[in-house]
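Undergrad: Quick one, query19.txt (compact mmCIF, C-alpha atoms and all ligand atoms):
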```txt
# COMPACT_ATOMS: atom_id res chain seq x y z
CA MET A 1 105.27 93.85 65.37
CA ARG A 2 103.27 94.19 68.51
CA LYS A 3 104.60 92.35 71.58
CA ARG A 4 102.81 91.16 74.68
CA PRO A 5 102.85 93.71 77.53
CA LEU A 6 105.06 93.51 80.61
CA TRP A 7 104.18 94.52 84.18
CA PHE A 8 106.67 95.96 86.66
CA VAL A 9 105.81 96.02 90.34
CA GLY A 10 107.52 97.79 93.24
CA ASP A 11 107.25 97.05 96.95
CA VAL A 12 104.23 94.92 97.85
CA HIS A 13 104.99 93.86 101.44
CA LEU A 14 102.43 91.10 101.14
CA GLY A 15 101.24 90.16 104.60
CA ARG A 16 101.32 93.67 106.02
CA THR A 17 98.14 95.64 106.57
CA THR A 18 97.53 99.30 105.83
CA ALA A 19 97.72 101.65 108.82
CA SER A 20 95.80 104.92 109.33
CA LEU A 21 92.44 103.50 108.25
CA PRO A 22 89.64 105.38 110.05
CA ARG A 23 86.86 103.74 112.04
CA ALA A 24 84.19 104.93 109.55
CA LEU A 25 85.18 102.24 107.02
CA ALA A 26 83.64 99.58 109.25
CA ASP A 27 80.25 101.30 108.80
CA HIS A 28 80.51 100.35 105.12
CA ASP A 29 81.53 96.73 105.71
CA LEU A 30 85.09 97.40 104.66
CA ASP A 31 87.63 95.70 106.88
CA VAL A 32 91.38 95.92 106.93
CA MET A 33 91.78 92.84 104.69
CA ASP A 34 89.58 94.36 101.95
CA LEU A 35 92.07 97.24 101.79
CA SER A 36 95.31 95.33 102.37
CA PRO A 37 98.22 94.66 100.01
CA ILE A 38 96.78 91.14 99.55
CA ALA A 39 93.65 92.67 98.00
CA ALA A 40 95.82 94.75 95.64
CA TRP A 41 97.83 91.62 94.86
CA LYS A 42 94.72 89.76 93.72
CA THR A 43 93.75 92.69 91.51
CA LEU A 44 97.25 92.73 90.03
CA VAL A 45 97.08 89.04 89.14
CA GLU A 46 93.72 89.52 87.38
CA ALA A 47 95.03 92.56 85.47
CA VAL A 48 98.16 90.71 84.35
CA LEU A 49 96.13 87.71 83.16
CA ALA A 50 93.56 89.89 81.39
CA SER A 51 96.29 91.76 79.49
CA ASP A 52 97.82 88.59 77.99
CA ALA A 53 101.15 89.70 79.43
CA GLU A 54 104.44 88.00 78.68
CA ALA A 55 105.78 88.56 82.21
CA VAL A 56 105.32 90.28 85.55
CA VAL A 57 108.54 91.55 87.12
CA PHE A 58 109.05 92.46 90.80
CA ALA A 59 111.68 94.87 92.15
CA GLY A 60 111.95 93.32 95.61
CA ASP A 61 110.22 93.50 99.01
CA VAL A 62 107.32 91.49 97.62
CA VAL A 63 106.99 89.96 101.05
CA ASP A 64 108.36 90.58 104.54
CA SER A 65 110.56 87.75 105.76
CA ASP A 66 108.90 87.68 109.16
CA ASN A 67 105.47 86.86 107.77
CA ALA A 68 106.49 84.88 104.71
CA ARG A 69 105.63 81.56 106.31
CA PHE A 70 102.14 82.60 107.25
CA GLU A 71 99.60 84.91 105.66
CA ALA A 72 101.72 86.03 102.73
CA TYR A 73 103.08 82.75 101.47
CA GLY A 74 99.74 81.27 100.36
CA PRO A 75 98.66 84.16 98.12
CA LEU A 76 102.22 84.45 96.81
CA SER A 77 102.64 80.82 95.77
CA SER A 78 99.12 80.41 94.41
CA ALA A 79 99.50 83.55 92.28
CA VAL A 80 102.83 82.37 90.90
CA GLN A 81 101.34 78.97 90.02
CA ARG A 82 98.32 80.54 88.37
CA LEU A 83 100.41 82.99 86.34
CA THR A 84 103.02 80.51 85.17
CA LYS A 85 100.30 77.98 84.25
CA ALA A 86 98.73 80.69 82.06
CA GLY A 87 102.08 81.22 80.30
CA VAL A 88 103.06 84.39 82.13
CA ARG A 89 106.66 84.46 83.33
CA VAL A 90 107.19 85.65 86.91
CA LEU A 91 110.58 87.26 87.60
CA ALA A 92 111.95 89.14 90.59
CA VAL A 93 114.99 90.52 92.31
CA ALA A 94 115.08 90.15 96.10
CA GLY A 95 115.04 93.20 98.36
CA ASN A 96 116.19 93.62 101.94
CA HIS A 97 112.89 92.25 103.30
CA ASP A 98 112.50 89.16 101.14
CA VAL A 99 116.13 88.10 101.01
CA GLU A 100 115.07 84.68 102.37
CA ALA A 101 111.50 84.32 101.10
CA LEU A 102 112.14 84.87 97.38
CA PRO A 103 115.05 82.42 97.01
CA ARG A 104 112.94 79.85 98.87
CA LEU A 105 110.03 80.47 96.50
CA ALA A 106 112.39 80.08 93.53
CA ARG A 107 113.56 76.69 94.88
CA GLU A 108 110.04 75.45 95.62
CA LEU A 109 108.08 76.69 92.63
CA ASP A 110 108.83 75.78 89.05
CA GLY A 111 108.65 78.84 86.89
CA PHE A 112 109.44 81.46 89.52
CA GLU A 113 112.64 83.17 88.32
CA LEU A 114 114.92 84.97 90.76
CA ILE A 115 117.32 87.30 88.92
CA GLY A 116 120.82 87.94 90.27
CA ALA A 117 120.67 85.47 93.17
CA ASP A 118 123.34 85.82 95.87
CA GLY A 119 124.26 89.32 94.73
CA VAL A 120 125.59 88.33 91.30
CA TRP A 121 124.39 90.45 88.39
CA GLU A 122 122.48 88.43 85.82
CA GLU A 123 120.67 88.93 82.52
CA ARG A 124 117.34 87.40 81.36
CA GLN A 125 115.85 87.54 77.88
CA LEU A 126 112.23 88.39 77.26
CA ASP A 127 110.59 88.73 73.87
CA ALA A 128 110.72 92.51 73.64
CA VAL A 129 113.38 93.49 76.20
CA THR A 130 116.38 92.22 78.12
CA LEU A 131 116.35 92.38 81.91
CA VAL A 132 119.47 92.77 84.00
CA GLY A 133 119.21 92.58 87.77
CA TRP A 134 120.78 91.95 91.15
CA SER A 135 119.26 90.44 94.32
CA PHE A 136 120.11 91.20 97.93
CA PRO A 137 122.36 88.37 99.19
CA ARG A 138 121.68 89.33 102.84
CA ALA A 139 119.38 91.79 104.63
CA ARG A 140 122.05 94.50 104.96
CA VAL A 141 124.22 95.65 102.09
CA ARG A 142 126.32 98.74 102.69
CA ALA A 143 128.19 98.77 99.36
CA ASN A 144 126.91 99.99 96.00
CA PRO A 145 125.90 96.86 94.01
CA LEU A 146 127.04 98.66 90.82
CA ASP A 147 130.63 98.31 92.07
CA GLU A 148 130.24 94.63 91.18
CA PHE A 149 128.49 95.20 87.85
CA ASP A 150 130.22 93.09 85.22
CA PRO A 151 129.34 94.02 81.60
CA SER A 152 130.39 90.52 80.51
CA VAL A 153 127.06 89.19 81.88
CA LEU A 154 125.40 91.15 79.05
CA ASP A 155 124.76 89.24 75.87
CA SER A 156 126.07 91.52 73.12
CA ASP A 157 124.12 89.60 70.43
CA ARG A 158 120.91 90.82 71.99
CA ALA A 159 121.91 94.47 72.03
CA SER A 160 119.17 95.32 69.53
CA LYS A 161 116.57 94.98 72.31
CA PRO A 162 116.10 97.61 75.03
CA ARG A 163 117.93 96.56 78.19
CA LEU A 164 116.09 97.28 81.44
CA GLY A 165 117.83 97.31 84.83
CA LEU A 166 116.05 96.00 87.91
CA LEU A 167 117.38 96.81 91.37
CA HIS A 168 116.24 97.19 94.96
CA CYS A 169 118.36 99.99 96.38
CA ASP A 170 118.65 103.27 98.24
CA LEU A 171 119.03 105.79 95.42
CA ASP A 172 121.16 108.91 96.09
CA ALA A 173 122.12 107.73 99.58
CA THR A 174 125.80 107.71 100.43
CA VAL A 175 125.47 105.72 103.65
CA SER A 176 122.76 103.07 103.94
CA ASP A 177 122.18 99.46 105.02
CA HIS A 178 120.06 98.97 101.91
CA ALA A 179 122.38 99.17 98.93
CA PRO A 180 123.30 102.85 98.54
CA VAL A 181 123.44 103.72 94.85
CA SER A 182 124.40 106.94 93.11
CA ARG A 183 122.50 108.05 90.03
CA ALA A 184 125.79 108.41 88.16
CA SER A 185 126.71 104.78 88.80
CA LEU A 186 123.38 103.65 87.28
CA LEU A 187 123.67 105.95 84.27
CA ALA A 188 127.23 104.76 83.61
CA GLN A 189 125.98 101.26 82.65
CA PRO A 190 124.83 100.16 79.16
CA VAL A 191 121.22 100.03 80.40
CA ASP A 192 118.27 101.84 78.77
CA ALA A 193 116.06 102.26 81.86
CA TRP A 194 116.32 101.56 85.60
CA LEU A 195 113.27 100.26 87.46
CA LEU A 196 113.89 100.47 91.19
CA GLY A 197 112.36 99.07 94.36
CA HIS A 198 112.61 100.08 98.04
CA VAL A 199 111.21 103.62 98.30
CA HIS A 200 107.38 103.57 98.26
CA ALA A 201 106.82 106.92 96.53
CA PRO A 202 106.59 106.26 92.77
CA SER A 203 108.99 108.28 90.62
CA PHE A 204 109.64 106.09 87.59
CA LEU A 205 106.76 107.21 85.36
CA ALA A 206 107.71 110.88 85.70
CA SER A 207 111.17 110.02 84.35
CA THR A 208 110.04 108.23 81.17
CA SER A 209 110.53 111.31 78.97
CA ARG A 210 114.27 111.26 79.73
CA SER A 211 116.79 109.42 77.60
CA VAL A 212 117.35 106.89 80.40
CA PRO A 213 114.20 106.58 82.53
CA LEU A 214 115.22 105.93 86.13
CA GLY A 215 113.10 105.85 89.28
CA TYR A 216 111.10 103.96 91.86
CA LEU A 217 108.11 101.88 90.84
CA GLY A 218 106.42 102.76 94.15
CA SER A 219 104.28 100.61 96.41
CA LEU A 220 101.54 98.44 94.90
CA SER A 221 99.22 99.57 97.68
CA PRO A 222 99.71 102.31 100.29
CA LEU A 223 100.80 101.12 103.72
CA HIS A 224 99.95 104.30 105.67
CA ARG A 225 98.66 107.85 105.22
CA GLY A 226 102.11 109.12 104.29
CA GLU A 227 101.81 107.23 101.00
CA VAL A 228 99.51 109.66 99.21
CA GLY A 229 98.40 109.38 95.61
CA PRO A 230 97.47 106.53 93.25
CA ARG A 231 99.30 103.24 93.87
CA GLY A 232 99.66 100.32 91.50
CA ALA A 233 102.05 98.95 88.89
CA ILE A 234 103.84 100.07 85.73
CA ARG A 235 102.68 98.52 82.47
CA LEU A 236 105.01 98.45 79.47
CA ASP A 237 103.59 98.14 75.97
CA HIS A 238 105.85 97.67 73.00
CA ASP A 239 104.66 98.24 69.45
CA GLY A 240 107.86 97.04 67.83
CA SER A 241 109.57 100.40 67.61
CA ARG A 242 108.97 102.19 70.85
CA LEU A 243 108.23 101.54 74.51
CA ALA A 244 105.07 102.98 76.06
CA TRP A 245 105.00 103.16 79.86
CA SER A 246 101.84 103.69 81.90
CA HIS A 247 100.88 103.59 85.56
CA VAL A 248 97.85 101.44 86.38
CA GLU A 249 96.19 102.09 89.72
CA LEU A 250 95.46 98.76 91.41
CA ALA A 251 95.24 99.57 95.12
CA PRO A 252 91.81 99.31 96.77
CA VAL A 253 92.60 102.38 98.88
CA ARG A 254 94.06 105.77 98.05
CA PHE A 255 95.27 108.38 100.53
CA GLU A 256 95.07 112.01 99.46
CA SER A 257 95.35 115.50 100.87
CA LEU A 258 92.19 117.59 100.60
CA ALA A 259 92.23 121.35 101.23
CA VAL A 260 89.02 123.13 102.26
CA ASP A 261 89.31 126.89 101.79
CA LEU A 262 86.80 128.95 103.76
CA ASP A 263 87.65 132.04 101.70
CA SER A 264 86.26 130.41 98.56
CA VAL A 265 82.90 129.78 100.24
CA ARG A 266 80.22 132.07 98.86
CA ASP A 267 77.07 133.18 100.63
CA SER A 268 74.96 131.02 98.32
CA ASP A 269 76.63 127.79 99.41
CA LEU A 270 76.98 128.15 103.15
CA ALA A 271 75.19 124.87 103.62
CA GLY A 272 73.01 125.92 106.50
CA GLY A 273 75.50 128.17 108.25
CA ASP A 274 75.78 131.89 108.05
CA ALA A 275 78.51 134.09 106.67
CA ARG A 276 80.14 134.58 110.04
CA ALA A 277 80.31 130.88 110.92
CA PRO A 278 79.84 128.53 107.94
CA ASP A 279 78.67 124.99 108.67
CA ILE A 280 82.09 123.45 108.62
CA ALA A 281 80.94 119.83 108.68
CA SER A 282 78.82 120.35 105.55
CA LEU A 283 81.64 122.12 103.75
CA ILE A 284 84.06 119.28 104.45
CA THR A 285 81.52 116.65 103.44
CA ARG A 286 80.82 118.47 100.20
CA ALA A 287 84.52 118.73 99.36
CA MET A 288 84.91 114.99 100.03
CA ARG A 289 81.98 114.17 97.76
CA GLU A 290 83.29 116.40 94.95
CA ARG A 291 86.72 114.81 95.11
CA LEU A 292 85.41 111.25 95.08
CA ALA A 293 83.03 112.09 92.21
CA ALA A 294 85.93 113.56 90.21
CA ILE A 295 88.03 110.41 90.67
CA THR A 296 85.08 108.23 89.67
CA ALA A 297 84.37 110.35 86.58
CA SER A 298 88.01 110.13 85.50
CA ARG A 299 87.81 106.29 85.44
CA GLU A 300 91.45 106.23 86.53
CA ALA A 301 90.80 103.99 89.52
CA PRO A 302 88.24 101.29 88.68
CA GLU A 303 89.38 99.15 91.63
CA LEU A 304 89.23 101.89 94.26
CA ARG A 305 86.99 101.14 97.24
CA ALA A 306 88.11 103.74 99.78
CA LEU A 307 89.47 107.26 99.47
CA VAL A 308 91.07 108.22 102.78
CA LEU A 309 91.64 111.94 103.15
CA ARG A 310 93.99 114.14 105.11
CA VAL A 311 91.79 117.20 105.33
CA SER A 312 93.21 120.65 105.99
CA VAL A 313 90.88 123.60 106.56
CA HIS A 314 92.27 127.05 105.95
CA GLY A 315 91.09 130.57 105.19
CA SER A 316 89.33 133.06 107.39
CA CYS A 317 85.93 133.53 108.96
CA GLU A 318 84.33 136.20 111.09
CA ASP A 319 83.22 133.98 113.93
CA PHE A 320 86.60 132.47 114.58
CA SER A 321 85.73 130.81 117.86
CA ALA A 322 82.51 129.20 116.57
CA VAL A 323 84.37 127.64 113.66
CA HIS A 324 87.15 126.45 115.96
CA ALA A 325 84.61 124.93 118.31
CA ALA A 326 82.85 123.23 115.39
CA LEU A 327 86.17 121.83 114.11
CA ASP A 328 87.06 120.54 117.56
CA ALA A 329 83.63 118.88 117.86
CA LEU A 330 83.83 116.97 114.55
CA ASP A 331 83.92 113.17 114.73
CA VAL A 332 86.80 112.96 112.28
CA GLU A 333 87.33 109.19 112.42
CA GLY A 334 83.61 108.53 112.05
CA ALA A 335 82.87 110.82 109.09
CA SER A 336 82.22 109.29 105.67
CA ILE A 337 80.33 109.71 102.42
CA VAL A 338 79.47 107.19 99.70
CA HIS A 339 79.53 107.79 95.97
CA GLU A 340 78.81 104.95 93.53
CA ASN A 341 79.75 102.21 95.99
CA ARG A 342 82.97 103.89 97.07
CA VAL A 343 83.64 105.43 100.44
CA ALA A 344 85.50 108.61 101.27
CA CYS A 345 86.54 109.17 104.86
CA ILE A 346 89.05 111.16 106.92
CA CYS A 347 92.21 109.97 108.66
CA GLU A 348 93.44 113.39 109.72
CA LEU A 349 92.06 116.91 110.14
CA THR A 350 94.23 119.98 110.56
CA HIS A 351 93.23 123.62 110.42
CA THR A 352 94.74 127.06 110.23
CA VAL A 353 91.64 129.23 110.27
CA ARG A 354 92.16 132.95 110.75
CA ALA A 355 89.75 135.57 112.03
CA ALA A 356 88.25 137.61 109.20
CA TYR A 357 87.45 140.88 110.95
CA ASP A 358 89.20 144.12 110.10
CA LEU A 359 91.64 144.64 112.98
CA ASP A 360 92.49 148.20 111.90
CA ALA A 361 88.85 149.21 112.01
CA LEU A 362 88.26 147.52 115.36
CA ALA A 363 91.41 149.13 116.80
CA CYS A 364 89.95 152.65 116.36
CA GLY A 365 88.26 153.47 119.62
CA THR A 366 88.65 153.36 123.36
CA ASP A 367 86.52 150.41 124.39
CA ALA A 368 87.80 146.97 125.43
CA ILE A 369 87.41 145.59 121.90
CA ALA A 370 89.58 148.39 120.47
CA MET A 371 92.20 147.83 123.14
CA LEU A 372 92.33 144.13 122.49
CA ALA A 373 92.38 144.65 118.69
CA ARG A 374 95.45 146.86 119.07
CA GLU A 375 97.22 144.17 121.11
CA VAL A 376 96.35 141.45 118.61
CA ARG A 377 97.47 143.65 115.72
CA ALA A 378 100.80 144.28 117.45
CA LEU A 379 101.18 140.58 118.10
CA GLU A 380 100.46 139.79 114.44
CA SER A 381 103.24 142.14 113.40
CA GLY A 382 105.60 140.36 115.79
CA VAL A 383 105.79 142.97 118.58
CA THR A 384 106.44 140.85 121.64
CA ASP A 385 105.53 143.36 124.34
CA ALA A 386 102.01 142.86 123.11
CA ALA A 387 102.36 139.17 123.93
CA VAL A 388 103.11 139.94 127.55
CA GLU A 389 100.17 142.30 127.81
CA LEU A 390 97.85 139.96 126.01
CA ALA A 391 98.80 137.05 128.23
CA GLU A 392 98.11 139.13 131.32
CA TYR A 393 94.91 140.41 129.81
CA SER A 394 93.62 136.95 128.96
CA ASP A 395 94.58 135.66 132.41
CA ARG A 396 92.54 138.47 133.97
CA LEU A 397 89.65 137.83 131.63
CA ARG A 398 89.62 134.12 132.38
CA LEU A 399 88.70 135.03 135.98
CA ASP A 400 85.39 136.05 134.46
CA SER A 401 83.21 132.93 134.18
CA ARG A 402 82.25 133.72 130.60
CA PHE A 403 85.86 133.35 129.46
CA ARG A 404 86.86 130.40 131.61
CA LEU A 405 87.04 128.08 128.62
CA LEU A 406 89.49 130.19 126.67
CA PRO A 407 92.81 128.53 125.84
CA GLN A 408 95.33 129.30 128.53
CA ALA A 409 98.23 131.56 127.62
CA ALA A 410 101.64 130.13 128.32
CA ALA A 411 103.49 131.39 131.40
CA THR A 412 105.15 134.66 130.50
CA GLY A 413 108.17 134.40 132.79
CA SER A 414 107.81 137.44 135.04
CA ASP A 415 111.52 138.24 135.19
CA SER A 416 112.18 138.01 131.47
CA PRO A 417 109.56 139.33 129.05
CA THR A 418 111.85 138.55 126.12
CA THR A 419 111.25 134.81 126.62
CA VAL A 420 107.80 135.23 125.09
CA ALA A 421 109.41 135.98 121.73
CA GLY A 422 109.19 132.28 120.75
CA GLU A 423 107.09 131.74 117.63
CA SER A 424 104.98 128.93 119.06
CA GLN A 425 104.02 131.06 122.03
CA ARG A 426 103.26 134.02 119.80
CA ARG A 427 100.91 131.86 117.73
CA ARG A 428 99.26 130.51 120.84
CA LEU A 429 98.70 133.97 122.21
CA LEU A 430 97.33 135.07 118.86
CA ARG A 431 94.77 132.30 119.09
CA VAL A 432 93.86 133.52 122.61
CA GLY A 433 93.56 137.05 121.30
CA HIS A 434 91.36 136.06 118.38
CA GLU A 435 89.19 133.89 120.61
CA LEU A 436 88.71 136.80 122.99
CA LEU A 437 87.94 139.21 120.18
CA SER A 438 85.40 136.96 118.54
CA HIS A 439 83.71 136.29 121.90
CA MET A 440 83.50 139.98 122.58
CA LEU A 441 82.24 140.76 119.06
CA ARG A 442 79.56 138.11 119.38
CA GLU A 443 78.47 139.59 122.73
CA ARG A 444 78.30 143.04 121.19
CA ARG A 445 76.20 141.74 118.28
CA GLY A 446 73.89 140.01 120.75
CA ALA A 447 73.47 143.25 122.68
CA THR A 448 72.34 145.34 119.70
MN MN B 501 113.29 97.68 100.82
```
Have the structure of the file written as structure tokens, please.

TA:
Amino acid sequence: MRKRPLWFVGDVHLGRTTASLPRALADHDLDVMDLSPIAAWKTLVEAVLASDAEAVVFAGDVVDSDNARFEAYGPLSSAVQRLTKAGVRVLAVAGNHDVEALPRLARELDGFELIGADGVWEERQLDAVTLVGWSFPRARVRANPLDEFDPSVLDSDRASKPRLGLLHCDLDATVSDHAPVSRASLLAQPVDAWLLGHVHAPSFLASTSRSVPLGYLGSLSPLHRGEVGPRGAIRLDHDGSRLAWSHVELAPVRFESLAVDLDSVRDSDLAGGDARAPDIASLITRAMRERLAAITASREAPELRALVLRVSVHGSCEDFSAVHAALDALDVEGASIVHENRVACICELTHTVRAAYDLDALACGTDAIAMLAREVRALESGVTDAAVELAEYSDRLRLDSRFRLLPQAAATGSDSPTTVAGESQRRRLLRVGHELLSHMLRERRGAT
């Protein structure tokens, strides 16, 4: 027989706001509260109610203790009241951040169920599954909570139902203030799946094909650009014989990495540039639009309002210095596109663009370009004498007003040429060399 679904939610940190949101979002009337964990929280409550769920279960760090009295407490208590009034049970274990706030909520609100209060393992029965869990008794716990696991808390009469473990912990850590837990100690218990809180990167869903699924639920909403990928909650459906897990994206914002490869740009789509120096701003904008359109078409994120991208540009181009100058001139924080009422913008731009000319061909000859090409080629193959010569060469060239804006080579250390062997200096000199070469090639093209 079909049972009502269950929802499992990892770290919410209600009351915090998401960092790394670029300025461009304000141009679309999106402020930090529209994209905060509180916004994701409201979406979660609606999704739980709409699904006719039996319960929503939290794995700790729902709220930060330091803001629990203020902005977070209102949304938290009103959601609990609304859910319990609608017949949805609300259960949680406390994490290191809400070690005070959740027990207080359990005392104040009828229907809010804290599992494993004061660090004592405890079991709760739901219709389709049994939950077993443990709550942080204080903010720092240096011992493995499984050391205190007592199988006698388990009701053997209910063994026909799947038993799900709920724990806020530091998985695979040996030393930690936040309940270090080994995988082996979890798998040694008579528990059919472990749903964990604390780490914000979700890993539970990927483990559901294993005999004992075990992993982190992940944050409900990303808190900074390091938390890439869809964020939301795990939904469990139960058709009477088997469990079906799914991840439901609920966050209003998603961070992602977006790679723009200049080598895949064809002449036909140079977007106003030419083959030597493609219009980099248009290429980035187009990649952003394609990505946002793909997410929209997939219907995987109906609640998404902002896609915030960490853009990396790589590949090669002939006019190396023009592309570098264009990249440096981009207003990264102000760039955005809109697709079906959603915004895509950029929180970070990195690039590793190489020069596309044929160094071997340029190196054949006796002119200044050939000389420089030979030095750059030697530097690319790691020959460090070339670095010394190139540094001196670029220093001499910078005396010429046309080259004054070239990046400065690092000091070569006159008494010890071997000190230039450092990789960062080699890369820096390579950039100087490529800048010089592309300047000189552009001058030569202009002269013919
Ligand atoms: Mn935590």

Undergrad: Please build the interface table for chain A against ligand MN 501 (chain B) with a cut-off of 8 Å, listing for each qualifying residue the nearest atom pair and the distance in Å to one decimal; count all atoms listed in the file, order rows by chain and increasing number, and write it as a tab-separated table.

TA:
```
residue	atom	partner	partner_atom	distance
A:Asp11	CA	B:MN501	MN	7.2
A:Gly60	CA	B:MN501	MN	6.9
A:Asp61	CA	B:MN501	MN	5.5
A:Gly95	CA	B:MN501	MN	5.4
A:Asn96	CA	B:MN501	MN	5.1
A:His97	CA	B:MN501	MN	6.0
A:His168	CA	B:MN501	MN	6.6
A:Cys169	CA	B:MN501	MN	7.1
A:His178	CA	B:MN501	MN	7.0
A:Gly197	CA	B:MN501	MN	6.7
A:His198	CA	B:MN501	MN	3.7
A:Val199	CA	B:MN501	MN	6.8
```

Undergrad: Just the residues within 10 Å of Val88 in chain A, please, counting all atoms listed in the file, with nothing from its chain fewer than 5 positions along; format it as number ranges by chain.

TA: A: 6, 48-49, 52-56, 80-83, 111

Undergrad: Can those selected residues be exported to a file as a PDB file, in the frame of the given file so that it contains C-alpha atoms?

TA:
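Okay, again17.pdb is ready:
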```pdb
ATOM      1  CA  LEU A   6     105.060  93.510  80.610  1.00  0.00           C
ATOM      2  CA  VAL A  48      98.160  90.710  84.350  1.00  0.00           C
ATOM      3  CA  LEU A  49      96.130  87.710  83.160  1.00  0.00           C
ATOM      4  CA  ASP A  52      97.820  88.590  77.990  1.00  0.00           C
ATOM      5  CA  ALA A  53     101.150  89.700  79.430  1.00  0.00           C
ATOM      6  CA  GLU A  54     104.440  88.000  78.680  1.00  0.00           C
ATOM      7  CA  ALA A  55     105.780  88.560  82.210  1.00  0.00           C
ATOM      8  CA  VAL A  56     105.320  90.280  85.550  1.00  0.00           C
ATOM      9  CA  VAL A  80     102.830  82.370  90.900  1.00  0.00           C
ATOM     10  CA  GLN A  81     101.340  78.970  90.020  1.00  0.00           C
ATOM     11  CA  ARG A  82      98.320  80.540  88.370  1.00  0.00           C
ATOM     12  CA  LEU A  83     100.410  82.990  86.340  1.00  0.00           C
ATOM     13  CA  GLY A 111     108.650  78.840  86.890  1.00  0.00           C
TER      14      GLY A 111
END
```

Undergrad: Box along x, y and z, 4 Å on every side, all listed atoms of range 349-367 of chain A inside: centre and edge lengths in Å to one decimal, as JSON.

TA:
```
{"center_x": 90.6, "center_y": 135.2, "center_z": 116.8, "size_x": 16.2, "size_y": 44.6, "size_z": 23.2}
```

Undergrad: Mind checking which residues fall within 9 Å of Asp263 in chain A, counting only C-alpha atoms, ignoring those fewer than 4 positions away in the same chain, and posting them as number ranges by chain?

TA: A: 314-317

Undergrad: Do a neighbour search on Ala40 in chain A at 8 Å with all atoms listed in the file, toss out local chain neighbours closer than 5 positions, and write the hits as an MDAnalysis selection string.

TA: chainID A and resid 35 220:221 232 250:252

Undergrad: Can you work out which one of A:Phe320, A:Phe136, A:Phe8, A:Trp245 has the shortest atom-to-atom distance to Arg431 in chain A, counting only C-alpha atoms?

TA: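 Closest candidate: A:Phe320.
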
Undergrad: One number please: CA of Glu123 in chain A to CA of Tyr73 in chain A, in Å, one decimal.

TA: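 We find that CA of Glu123 in chain A and CA of Tyr73 in chain A lie 26.6 Å from each other.
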